Amino acid sequence: MASNMSDELRTGALVYHRGATATGARARPGKLEIQATKPLGNQRDLALAYSPGVAAACEAIYDDPAQAAELTIRQNLVAVLTNGTAVLGLGNIGPLAGKPVMEGKAVLFKKFAGIDVFDIEVAETDAKRLIEVVCALEPTFGGINLEDIKAPECFEVEEACRARMGIPVFHDDQHGTAIIVTAAIVNGLELAGKALPSVKIVTSGAGAAALACLNLLVTLGAKRENIWVTDIEGVVFEGRESLMDRWKSVYAQKTDARTLAEVIPGADVFLGLSAGGVLKPAMVASMADKPMILALANPTPEIMPDEARKASPGAMICTGRSDFPNQVNNVLCFPYIFRGALDVAASEINEEMKAAAVRAIAALAREPSSDVVSRAYGGETRLFGPDSLIPSPFDPRLILRIAPAVARAAMESGVAKRPIEDLRAYEDQLNRFVFRSGFVMKPVFTAARAAPKRVIYADGEDERALRAAQVAIEEGIAVPVLIGRPHVIDVRARRYGLTFKPGVDVEIINPEDDKRYRDYVALYLERAGRRGVNPDRARTVVRTNTTVIAALALQRGDADAMICGLEGRFRNHLRYIDQVIGLGPEAPDYSTLSLLISGRGAYFLTDTYVTPDPTAQSIADCAILCARSVERFGLTPKIALLSHSNFGSDDTPSAEKMREALAILRRTAPGLEVDGEMMGDVAVTPILRDRLLPNSTLSGVANLLVFPNLDAANIATQLIKALADALPVGPILVGAAKPAHILTPSVTARGVVNMTAVAVVESQVAGPGSAA
Ligand SMILES: NC(=O)C1=CN([C@@H]2O[C@H](COP(=O)(O)OP(=O)(O)OC[C@H]3O[C@@H](n4cnc5c(N)ncnc54)[C@H](OP(=O)(O)O)[C@@H]3O)[C@@H](O)[C@H]2O)C=CC1
Ligand SMILES: CC(=O)C(=O)O
Ligand SMILES: [Mg+2]
């Protein structure tokens, strides 16, 4: 079995799933683990968590079952349950092979909406027995998300489980898909100036997803007589006997037409929820003016967007994939509809809640970007239109709009067992979740993609640089320039299955033979001739030192940003960057900012690599420049000046230094949200700060942590990275006149890609001569 994807993506996906920890320790296969949320460190904890204390919780639930929501994980726990009979468009591959998809859905539930999931793969194809299995799981879960169970069994299973269970049972492929498809169609028809009751809709697919979409469209006004359904047997017509069921026959037409090609002429909407490649360009050409083409089979759509566009230039085209505009995928719905349903302890997800989700998604696509969102998307303003019919899956407002709308609909329709009294407070709570959720790199990538720049990799022969170059091209974030010998790059790129074309989508600078050599030597002498570099030395360095070559290329304007440091010592690289690029006009010195993305949020730490024992003035200068860097991530910097002392509780020289740094910042940068000196836990734990430092001017969790010296900053970074398995990004070099970054030998290819995006965004905003 081999679905349609590049070898590079296939290999990457297998490596991703096999996995390795950040510290290179034993691989942890799969995408999930269970984590304890309560301490279990001593005899008493054990007595509370387990016998005898746990009996108190059991008895409380026995006396009042509603207590399960207070004493167990149940109210935030959803089953993603499949029998593997319709896994994506891969078909009946069975429950075991379907497990990666279910683990994937679990990750999406957690990351997008903070919902915990047990993925449950059941070896049972008989609908009646499957119903028994699902219903027996009710004590464990707050909700059931049925996934990838084929039609028609899925209808019977969902109907029966909904009727028998007191918790929401939601077949994602039916209703999650129907909600997002309907939102896209509502918006698309409005743009085309058409109305739902009069449009002709033709489907390919008469399974779980297709029929649920049609049912919801009919509820909202589509006319049954305008709907034509086709499946693997062709048109669903009155009297057809093979592969028919009572759900499909609702849409049987009285007709002699038998094929998709016969019924598609004049259609306003093509709804593909079947298999790759079934819609042909000639069929698209026969559709009505300004048609909507929803080619939603995964991973290969019914028609590729470029083919559809060629056949009908005015068409609005949607796919289920993330690599084209208009991703119509149920991921835009299921995390948030469950969030709203669980938060009011809804007994079901009813039609009102689904309609509320449709309205919220459709309306969100039309919303102008708010300041915060536009900043979070790197200043990009997404405008409602044919290529933006629905929000992007990373739009942070999805949870903010859909979950409250669903919760409100549940309350108004009387299925909420625990209504929310203060919806405003609920929205605030969701807002906090969004900014904790770690999608911190997303706005940087979006901004980079809007105006890609040339990024030069000094270690252009290194596997990580080569892989990063491939990803940078595929993601459209940068035009890579590799320093290295062309034949070595070529052999290695082929060995790693990379497809970029040297000279076409990447430029190569060969240190052994490049026509710019003399110019580079001259420039090096100009920049470093008075810093101990003589002509002989300059000729040798420019032929052998790739960091210098990268810096010269950047200085000359042959690249917009540089990345080095995959080998060698930080300080050596910094010396060369300083010689060639130098400090920006507003930067008294260099410093580094290391970003750590953990399950608890994103934290920037400084100065992690440069100045061993900075002065108070230097700390204040560094904080100001680092705050600007943090803003590029769409975040408002909240700066904590860290110490072993809390607001004067100790008078050591380093505590005094941090107090002095605060005084300088208050004077020179009054707009910054900053406070100190304070201890690390106080900085990141607002409750503790409220108790210990009630007068602090810092609000919420500090995200820019400024350390008194290099040892403290570097040690803290390495410890957090290793112990919290945090994803490191950086170090980000702050202070250089142009975007130049020195990574560390432990960086991964993904780390290089992340820094490529950061460097591109810096080069977009760095005016001539400004500090990057
Ligand atoms: N973008 C999104 O969010 C979503 C996309 N999907 C995609 O939709 C597709 C169907 O999923 P689902 O409804 O759950 O699965 P089902 O198995 O329930 O339905 C599949 C349907 O497609 C039909 N079909 C299969 N192959 C062809 C073909 N070559 N030509 C015409 N019809 C065909 C089947 O016909 P028959 O029954 O006669 O065999 C059946 O009607 C998958 O590709 C899936 O990835 C699904 C959910 C969400
Ligand atoms: C997206 C999804 O659920 C599917 O393709 O099955
Ligand atoms: Mg699915």
# chains A, B, ... in the order shown; residues from 1 in each chain; ligands from 1
>>> residues_near_ligand(ligand="ligand 1", cutoff="8 Å", atoms="only C-alpha atoms and all ligand atoms", output="ChimeraX atom specification")
/A:85-92,147-152,154,172-174,176-177,180-181,204-211,230-234,243-244,272-278,296-301,319-321,327-331
>>> select_by_dssp(residues="segment 286-453 of chain A", states="helix (DSSP H, G or I)", output="count of residues only")
81
>>> residues_around(residues="Lys280 of chain A", least_positions_apart="2", cutoff="12 Å", atoms="only C-alpha atoms", output="count of residues only")
28
>>> select_by_dssp(residues="segment 424-628 of chain A", states="strand (DSSP E or B)", output="ChimeraX atom specification")
/A:453-457,478-483,502,506-509,561-564,583,591-598,601-606
>>> write_last_selection(atoms="C-alpha atoms", output="short mmCIF file (atom, residue, chain, number, x, y, z; two decimals), in the first residue's frame")
data_model
loop_
_atom_site.label_atom_id
_atom_site.label_comp_id
_atom_site.auth_asym_id
_atom_site.auth_seq_id
_atom_site.Cartn_x
_atom_site.Cartn_y
_atom_site.Cartn_z
CA LYS A 453 14.26 36.20 1.94
CA ARG A 454 17.63 34.71 0.98
CA VAL A 455 19.13 32.90 3.96
CA ILE A 456 22.73 31.73 3.70
CA TYR A 457 23.81 28.60 5.55
CA ALA A 478 13.17 31.34 2.38
CA VAL A 479 15.41 31.06 -0.63
CA PRO A 480 18.37 29.09 0.71
CA VAL A 481 21.97 29.84 -0.21
CA LEU A 482 24.34 26.98 0.69
CA ILE A 483 28.05 27.39 1.19
CA PRO A 502 20.95 23.52 -7.00
CA VAL A 506 18.95 26.99 -3.98
CA GLU A 507 22.05 28.99 -4.75
CA ILE A 508 25.46 27.51 -3.96
CA ILE A 509 28.63 29.36 -3.06
CA ALA A 561 20.30 36.68 6.69
CA MET A 562 22.87 34.09 7.76
CA ILE A 563 22.97 30.98 9.87
CA CYS A 564 26.17 29.35 11.13
CA LEU A 583 26.86 45.88 16.01
CA SER A 591 23.44 39.12 23.57
CA THR A 592 21.45 35.98 22.89
CA LEU A 593 17.90 35.01 23.45
CA SER A 594 16.99 31.34 23.76
CA LEU A 595 13.37 30.35 23.27
CA LEU A 596 12.09 27.23 25.02
CA ILE A 597 8.67 25.91 24.04
CA SER A 598 7.27 23.54 26.64
CA GLY A 601 4.12 27.76 27.33
CA ALA A 602 6.90 29.65 25.57
CA TYR A 603 9.71 31.32 27.49
CA PHE A 604 12.55 33.48 26.23
CA LEU A 605 15.76 33.42 28.31
CA THR A 606 18.65 35.88 28.03
#
>>> residues_around(residues="His644 of chain A", least_positions_apart="3", cutoff="12 Å", atoms="only C-alpha atoms", output="list in words")
Leu641, Phe647, Gly648, Ser649, Asp650, Asp651, Thr652, Pro653, Ser654, Ala655, Glu656, Lys657, Met658, Gly676, Glu677, Met678, Met679, Gly680, Asp681, Val682, Ala683, Phe707, Pro708, Asn709 and Ala712 of chain A
>>> atom_distance(atom1="atom CA of Arg537 of chain A", atom2="atom CA of Asp513 of chain A")
17.6 Å
>>> residues_around(residues="Gly94 of chain A", least_positions_apart="3", cutoff="7 Å", atoms="only C-alpha atoms", output="list in words")
Asn83, Gly84, Thr85, Ala97 and Gly98 of chain A
